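Enquirer: My structure is stored as work-v8.tsv, with TSV, C-alpha atoms.
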```tsv
chain	number	residue	atom	x	y	z
A	249	MET	CA	17.76	-2.76	5.84
A	250	PRO	CA	14.90	-5.25	6.32
A	251	LYS	CA	14.17	-7.57	3.43
A	252	TYR	CA	10.45	-7.86	4.12
A	253	TRP	CA	7.99	-5.22	5.30
A	254	MET	CA	4.42	-5.73	6.44
A	255	ILE	CA	1.47	-3.65	7.62
A	256	SER	CA	-1.06	-6.06	9.12
A	257	ASP	CA	-4.66	-5.09	9.80
A	258	ARG	CA	-5.39	-8.55	11.22
A	259	ASP	CA	-6.05	-9.41	14.84
A	260	GLY	CA	-4.42	-12.23	16.80
A	261	GLY	CA	-0.97	-10.67	16.76
A	262	GLY	CA	-1.15	-9.90	13.05
A	263	ASP	CA	-2.19	-13.21	11.47
A	264	GLY	CA	-5.87	-13.46	12.45
A	265	ASP	CA	-9.10	-13.52	10.46
A	266	GLU	CA	-10.68	-10.37	11.88
A	267	ARG	CA	-9.77	-6.70	11.72
A	268	ASN	CA	-7.50	-5.62	14.54
A	269	PRO	CA	-9.56	-3.18	16.66
A	270	GLY	CA	-6.39	-1.30	17.59
A	271	GLY	CA	-5.50	-0.59	13.97
A	272	PRO	CA	-2.60	-1.82	11.84
A	273	ARG	CA	0.55	-3.39	13.19
A	274	TYR	CA	3.92	-2.67	11.59
A	275	LEU	CA	6.37	-5.52	11.15
A	276	ILE	CA	9.74	-6.15	9.51
A	277	SER	CA	11.89	-9.21	8.85
A	278	ASP	CA	15.29	-10.09	7.45
A	279	GLY	CA	13.77	-13.25	6.02
A	280	ASP	CA	16.00	-15.62	7.95
A	281	ARG	CA	13.03	-17.46	9.53
A	282	ASP	CA	9.66	-18.79	8.36
A	283	LEU	CA	7.51	-15.76	7.54
A	284	HIS	CA	4.28	-17.74	7.92
A	285	ASN	CA	4.87	-17.66	11.68
A	286	ILE	CA	3.92	-14.20	12.93
A	287	ASP	CA	6.31	-14.61	15.88
A	288	ASN	CA	9.21	-14.57	13.43
A	289	TRP	CA	8.42	-10.99	12.45
A	290	ASN	CA	9.76	-8.05	14.45
A	291	ARG	CA	7.01	-5.68	15.51
A	292	VAL	CA	7.92	-1.98	15.51
A	293	SER	CA	6.04	1.23	16.17
A	294	PHE	CA	4.72	3.31	13.31
A	295	PRO	CA	7.40	6.02	13.81
A	296	GLN	CA	10.10	3.32	13.75
A	297	PHE	CA	8.60	1.76	10.62
A	298	ARG	CA	8.35	5.14	8.90
A	299	LYS	CA	11.95	6.01	9.78
A	300	ALA	CA	13.22	2.65	8.53
A	301	ILE	CA	11.36	3.14	5.24
A	302	THR	CA	12.64	6.70	4.92
A	303	ASP	CA	16.23	5.67	5.62
A	304	ALA	CA	15.98	2.86	3.07
A	305	CYS	CA	14.57	5.18	0.40
A	306	ASP	CA	17.32	7.72	1.09
A	307	LYS	CA	19.80	5.11	-0.14
A	308	PHE	CA	18.19	4.99	-3.58
A	309	PRO	CA	20.09	6.65	-6.45
A	310	ASP	CA	19.60	10.40	-6.75
A	311	LEU	CA	18.63	10.63	-10.41
A	312	PRO	CA	18.29	13.81	-12.50
A	313	PRO	CA	14.77	14.92	-13.51
A	314	ASP	CA	15.13	13.57	-17.05
A	315	GLN	CA	15.58	10.06	-15.60
A	316	HIS	CA	12.46	10.21	-13.44
A	317	ASP	CA	11.07	7.04	-15.02
A	318	GLU	CA	14.07	5.11	-13.69
A	319	GLU	CA	13.46	6.02	-10.05
A	320	LYS	CA	12.94	3.22	-7.56
A	321	HIS	CA	9.49	2.45	-6.17
A	322	LEU	CA	8.07	2.29	-2.69
A	323	ALA	CA	5.25	-0.10	-3.50
A	324	LEU	CA	2.32	-1.32	-1.44
A	325	CYS	CA	1.21	-4.87	-2.23
A	326	ILE	CA	-2.44	-5.54	-1.36
A	327	HIS	CA	-3.76	-9.08	-1.72
A	328	GLY	CA	-7.27	-10.07	-2.66
A	329	TYR	CA	-10.24	-12.15	-1.60
A	330	ASN	CA	-9.86	-15.72	-0.32
A	331	ASN	CA	-6.34	-15.08	1.00
A	332	GLY	CA	-5.66	-16.16	4.55
A	333	PHE	CA	-2.51	-14.98	6.26
A	334	ALA	CA	-0.31	-17.77	4.89
A	335	HIS	CA	-1.50	-17.21	1.31
A	336	SER	CA	-0.99	-13.45	1.64
A	337	ILE	CA	2.62	-14.11	2.69
A	338	ASP	CA	3.14	-16.41	-0.30
A	339	PHE	CA	1.67	-13.82	-2.67
A	340	TYR	CA	3.83	-11.06	-1.23
A	341	THR	CA	7.14	-12.92	-1.03
A	342	ALA	CA	6.80	-14.20	-4.59
A	343	LEU	CA	6.25	-10.65	-5.81
A	344	ASN	CA	8.97	-9.17	-3.63
A	345	ASP	CA	11.60	-11.78	-4.45
A	346	THR	CA	10.89	-11.60	-8.18
A	347	LEU	CA	10.65	-7.85	-8.74
A	348	PHE	CA	12.07	-5.99	-5.75
A	349	SER	CA	15.14	-7.89	-4.59
A	350	GLY	CA	18.76	-7.03	-5.31
A	351	ASP	CA	20.45	-3.92	-6.65
A	352	ASP	CA	18.50	-4.16	-9.91
A	353	GLY	CA	15.15	-4.56	-8.15
A	354	LEU	CA	12.34	-2.04	-8.39
A	355	GLY	CA	12.83	-0.78	-4.84
A	356	ILE	CA	10.92	-1.64	-1.66
A	357	CYS	CA	7.71	-3.64	-1.49
A	358	VAL	CA	5.45	-3.52	1.59
A	359	LEU	CA	2.63	-5.98	2.21
A	360	PHE	CA	-0.68	-4.58	3.45
A	361	THR	CA	-2.59	-7.61	4.67
A	362	TRP	CA	-6.25	-7.36	5.62
A	363	PRO	CA	-8.39	-10.07	7.22
A	364	SER	CA	-9.66	-12.04	4.28
A	365	LYS	CA	-11.09	-15.27	5.68
A	366	GLY	CA	-9.30	-17.46	3.18
A	367	GLN	CA	-12.50	-19.29	2.23
A	368	VAL	CA	-14.29	-19.23	-1.12
A	369	TYR	CA	-17.75	-19.03	0.47
A	370	ASP	CA	-16.81	-16.00	2.61
A	371	TYR	CA	-16.95	-13.48	-0.25
A	372	LEU	CA	-19.50	-11.19	1.43
A	373	ALA	CA	-17.67	-11.34	4.75
A	374	ASP	CA	-14.43	-10.47	2.98
A	375	ARG	CA	-16.13	-7.55	1.25
A	376	GLU	CA	-17.21	-6.10	4.59
A	377	GLU	CA	-13.74	-6.57	6.10
A	378	ALA	CA	-12.25	-4.87	3.04
A	379	ARG	CA	-14.58	-1.90	3.49
A	380	MET	CA	-13.65	-1.55	7.17
A	381	CYS	CA	-9.92	-1.89	6.57
A	382	ALA	CA	-9.96	0.79	3.87
A	383	ASN	CA	-10.01	3.48	6.56
A	384	ASP	CA	-6.88	2.01	8.14
A	385	LEU	CA	-5.11	1.97	4.78
A	386	ALA	CA	-6.28	5.55	4.27
A	387	ASP	CA	-4.41	6.49	7.47
A	388	VAL	CA	-1.22	5.05	5.97
A	389	LEU	CA	-1.78	6.83	2.65
A	390	SER	CA	-2.58	10.11	4.40
A	391	SER	CA	0.69	9.91	6.31
A	392	LEU	CA	2.50	9.32	3.03
A	393	TYR	CA	0.69	12.27	1.49
A	394	VAL	CA	1.81	14.59	4.30
A	395	THR	CA	5.40	13.31	4.11
A	396	LEU	CA	5.58	13.76	0.35
A	397	GLY	CA	4.17	17.27	0.65
A	398	ARG	CA	6.80	18.22	3.19
A	399	ASN	CA	9.58	16.75	1.06
A	400	GLN	CA	8.38	18.63	-2.01
A	401	ALA	CA	8.34	21.89	-0.06
A	402	ALA	CA	11.83	21.23	1.32
A	403	ALA	CA	13.14	20.40	-2.16
A	404	VAL	CA	12.21	23.86	-3.40
A	405	ALA	CA	14.86	25.33	-1.10
A	406	ASP	CA	17.27	22.38	-1.30
A	407	PRO	CA	16.97	20.05	-4.33
A	408	SER	CA	19.02	17.40	-2.52
A	409	LYS	CA	16.01	16.81	-0.26
A	410	ALA	CA	13.76	15.76	-3.12
A	411	CYS	CA	12.12	12.33	-2.92
A	412	LYS	CA	14.15	9.49	-4.44
A	413	ALA	CA	11.26	7.02	-4.68
A	414	LYS	CA	7.88	6.86	-6.38
A	415	VAL	CA	4.92	5.55	-4.40
A	416	SER	CA	3.07	2.78	-6.20
A	417	ILE	CA	0.40	0.18	-5.43
A	418	ILE	CA	0.00	-3.36	-6.73
A	419	ALA	CA	-3.47	-4.64	-5.85
A	420	HIS	CA	-5.07	-7.99	-6.67
A	421	SER	CA	-8.75	-8.93	-6.80
A	422	MET	CA	-10.66	-7.49	-3.81
A	423	GLY	CA	-7.48	-5.72	-2.75
A	424	ASN	CA	-8.46	-3.22	-5.43
A	425	PHE	CA	-11.69	-2.50	-3.55
A	426	VAL	CA	-9.63	-1.84	-0.40
A	427	THR	CA	-7.41	0.46	-2.47
A	428	GLN	CA	-10.34	2.23	-4.14
A	429	MET	CA	-12.04	3.04	-0.84
A	430	ALA	CA	-8.79	3.95	0.93
A	431	LEU	CA	-7.80	6.42	-1.79
A	432	PHE	CA	-11.31	7.89	-1.69
A	433	HIS	CA	-11.05	8.45	2.07
A	434	ALA	CA	-7.51	9.84	1.77
A	435	TRP	CA	-8.59	12.19	-1.03
A	436	LYS	CA	-11.51	13.53	0.98
A	437	ARG	CA	-9.29	14.09	4.02
A	438	ASN	CA	-6.32	15.73	2.34
A	439	ASN	CA	-6.73	16.78	-1.22
A	440	ARG	CA	-10.31	17.25	-2.33
A	441	PRO	CA	-10.95	18.59	-4.89
A	442	LEU	CA	-7.40	19.27	-6.12
A	443	ALA	CA	-5.46	16.82	-8.26
A	444	THR	CA	-2.02	16.30	-6.74
A	445	SER	CA	-0.66	12.82	-7.39
A	446	LEU	CA	0.17	10.61	-4.44
A	447	ILE	CA	0.39	7.29	-6.29
A	448	ASN	CA	2.67	7.24	-9.32
A	449	GLN	CA	1.61	3.82	-10.60
A	450	LEU	CA	-1.49	1.82	-9.64
A	451	LEU	CA	-1.53	-1.70	-11.04
A	452	MET	CA	-5.01	-3.22	-10.71
A	453	VAL	CA	-4.75	-6.99	-11.27
A	454	ALA	CA	-8.05	-8.85	-11.82
A	455	ALA	CA	-9.72	-5.91	-10.11
A	456	ASP	CA	-12.85	-6.68	-8.10
A	457	VAL	CA	-14.41	-3.22	-8.51
A	458	ASP	CA	-17.30	-1.83	-10.52
A	459	ASN	CA	-16.40	-0.88	-14.09
A	460	ASN	CA	-18.14	2.49	-13.76
A	461	ILE	CA	-16.34	3.82	-10.68
A	462	PHE	CA	-15.06	6.89	-12.51
A	463	ASP	CA	-17.20	9.91	-13.31
A	464	SER	CA	-17.11	11.53	-16.73
A	465	GLY	CA	-13.98	13.55	-15.96
A	466	GLU	CA	-15.54	16.84	-16.99
A	467	GLN	CA	-15.82	17.91	-13.36
A	468	VAL	CA	-14.87	16.66	-9.93
A	469	GLY	CA	-17.54	14.29	-8.69
A	470	ASP	CA	-18.17	12.46	-5.45
A	471	GLY	CA	-18.00	8.84	-6.55
A	472	ASP	CA	-15.84	6.20	-4.90
A	473	GLY	CA	-13.47	6.26	-7.88
A	474	GLU	CA	-12.61	9.93	-7.42
A	475	GLY	CA	-9.76	9.09	-5.04
A	476	ILE	CA	-8.07	6.97	-7.69
A	477	ALA	CA	-8.74	9.55	-10.39
A	478	ASN	CA	-7.37	12.48	-8.39
A	479	LEU	CA	-4.50	10.91	-6.45
A	480	THR	CA	-3.03	8.56	-9.07
A	481	TYR	CA	-0.78	9.51	-11.97
A	482	ARG	CA	-1.17	6.30	-13.98
A	483	VAL	CA	-3.59	3.38	-13.66
A	484	SER	CA	-3.02	0.04	-15.38
A	485	ALA	CA	-5.54	-2.78	-15.30
```
Just give me the structure of the file as structure tokens.
Expert:
Amino acid sequence: MPKYWMISDRDGGGDGDERNPGGPRYLISDGDRDLHNIDNWNRVSFPQFRKAITDACDKFPDLPPDQHDEEKHLALCIHGYNNGFAHSIDFYTALNDTLFSGDDGLGICVLFTWPSKGQVYDYLADREEARMCANDLADVLSSLYVTLGRNQAAAVADPSKACKAKVSIIAHSMGNFVTQMALFHAWKRNNRPLATSLINQLLMVAADVDNNIFDSGEQVGDGDGEGIANLTYRVSA
């Protein structure tokens, strides 16, 4: 099983400063070479990446329903503003090695890296890149949504086919804006206006989003925060 997983929405082979016009690239690594060098990652197709993730999650413990809180996580790590490729790798590997490594780790952590310029004065440029990349992340989340739905349906007939992992997101700074918009797009595509959870835990660290993104909750609205509200089981900030 790969030690490191990455979905890169950057151009230039995966480490550039602009959005890749062809969409995300999927990469894996055993961690035996310098991860700051994009050539040291193994590029795979989306079906190969999805199968590798699925196979890895199938190896997680099959816990009874009353131990649901102890299930492993399939977590997306989304970095923030002012993070070039090298800094995004540092952010991800520190998180992965601390929380997700070894038998006692939380599960699998996947980096979603988007083309932040890595410069303090490029805030507005980063914001626009974040907005554009949200649709690409929504594609990933929509695929997860479909897969989880199929697994839930299969588990009704055969409980052994139930999911063994919870999908979670750890987002930092402007990465929360990417997440907010991606969940909004995914919700509109797949789930609106129902309230079926896709994300079990959303951890919003130093979130660069408006503090009024959620509607009153009395009825389903059309604000950008509705995706988070309707597709996430628990939000921590």
Enquirer: Can you tell me how far atom CA of A:Tyr252 sits from atom CA of A:Lys414, in Å to one decimal?
Expert: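 One can read the atom CA of A:Tyr252 to atom CA of A:Lys414 distance as 18.3 Å.
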Enquirer: For atom CA of A:Ser364 and atom CA of A:Gly423, determine how far apart the two atoms are, in Å to one decimal place.
Expert: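 That distance, rounded to one decimal, is 9.7 Å.
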Enquirer: Which one of A:Cys381, A:Leu446, A:Met422, A:Ala386 sits closest to A:Ala323 if you count only C-alpha atoms?
Expert: A:Leu446
Enquirer: Residues within 8 Å of A:Asn268, please, as a list in words. Count all atoms listed in the file; anything in the same chain fewer than 2 positions from it doesn't count.
Expert: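 The residues satisfying every condition are Asp257, Arg258, Asp259, Gly260, Gly262, Glu266, Gly270, Gly271 and Pro272 of chain A.
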Enquirer: For a quick check of understanding, using only C-alpha atoms, which of A:Val394, A:Ala405, A:Val457, A:Met249 has the smallest distance to A:Asp278?
Expert: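 Nearest to A:Asp278: A:Met249.
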Enquirer: For atom CA of A:Gly353 and atom CA of A:Ser484, determine how far apart the two atoms are, in Å to one decimal place.
Expert: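 Result for atom CA of A:Gly353 versus atom CA of A:Ser484: 20.1 Å, one decimal.
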Enquirer: Can you pull out every residue within 12 Å of A:Ser391, counting all atoms listed in the file, but drop anything in the same chain fewer than 5 positions away, and send it as a PyMOL selection string?
Expert: chain A and resi 294-295+298+384-386+396-398+434+437-438+446
Enquirer: For A:Leu275, work out the shell of residues within 9 Å, counting all atoms listed in the file and skipping chain neighbours fewer than 6 positions away, then give it as a PyMOL selection string.
Expert: chain A and resi 252-256+262+289-293+297
Enquirer: Any idea what's packed within 12 Å of stretch 346-352 of chain A, counting all atoms listed in the file, ignoring anything in its chain fewer than 6 positions away? Could you give it as a list in words?
Expert: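 Everything that qualifies: Met249, Pro250, Lys251, Tyr252, Trp253, Gly279, Lys307, Phe308, Pro309, Glu318, Glu319, Lys320, His321, Leu322, Ala323, Leu324, Cys325, Phe339, Tyr340, Val358 and Ile418 of chain A.
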Enquirer: Write the residues you've just listed into a file as a PDB file, keeping the file's coordinate frame, and include C-alpha atoms for each of them.
Expert:
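Dumped to selection10.pdb:
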```pdb
ATOM      1  CA  MET A 249      17.760  -2.760   5.840  1.00  0.00           C
ATOM      2  CA  PRO A 250      14.900  -5.250   6.320  1.00  0.00           C
ATOM      3  CA  LYS A 251      14.170  -7.570   3.430  1.00  0.00           C
ATOM      4  CA  TYR A 252      10.450  -7.860   4.120  1.00  0.00           C
ATOM      5  CA  TRP A 253       7.990  -5.220   5.300  1.00  0.00           C
ATOM      6  CA  GLY A 279      13.770 -13.250   6.020  1.00  0.00           C
ATOM      7  CA  LYS A 307      19.800   5.110  -0.140  1.00  0.00           C
ATOM      8  CA  PHE A 308      18.190   4.990  -3.580  1.00  0.00           C
ATOM      9  CA  PRO A 309      20.090   6.650  -6.450  1.00  0.00           C
ATOM     10  CA  GLU A 318      14.070   5.110 -13.690  1.00  0.00           C
ATOM     11  CA  GLU A 319      13.460   6.020 -10.050  1.00  0.00           C
ATOM     12  CA  LYS A 320      12.940   3.220  -7.560  1.00  0.00           C
ATOM     13  CA  HIS A 321       9.490   2.450  -6.170  1.00  0.00           C
ATOM     14  CA  LEU A 322       8.070   2.290  -2.690  1.00  0.00           C
ATOM     15  CA  ALA A 323       5.250  -0.100  -3.500  1.00  0.00           C
ATOM     16  CA  LEU A 324       2.320  -1.320  -1.440  1.00  0.00           C
ATOM     17  CA  CYS A 325       1.210  -4.870  -2.230  1.00  0.00           C
ATOM     18  CA  PHE A 339       1.670 -13.820  -2.670  1.00  0.00           C
ATOM     19  CA  TYR A 340       3.830 -11.060  -1.230  1.00  0.00           C
ATOM     20  CA  VAL A 358       5.450  -3.520   1.590  1.00  0.00           C
ATOM     21  CA  ILE A 418       0.000  -3.360  -6.730  1.00  0.00           C
TER      22      ILE A 418
END
```
Enquirer: Of the residues A:Lys409, A:Asn383, A:Tyr329, A:Val388, which is the one nearest to A:Asn424, using all atoms listed in the file?
Expert: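 Answer, going by the shortest atom-to-atom distance: A:Tyr329.
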Enquirer: I need every residue sitting at most 12 Å from the point (-4.4, -19.2, 1.6) (coordinates as in the file, all atoms listed in the file considered), written as an NGL selection string.
Expert: :A and (263 or 265 or 284 or 327-340 or 363-368)
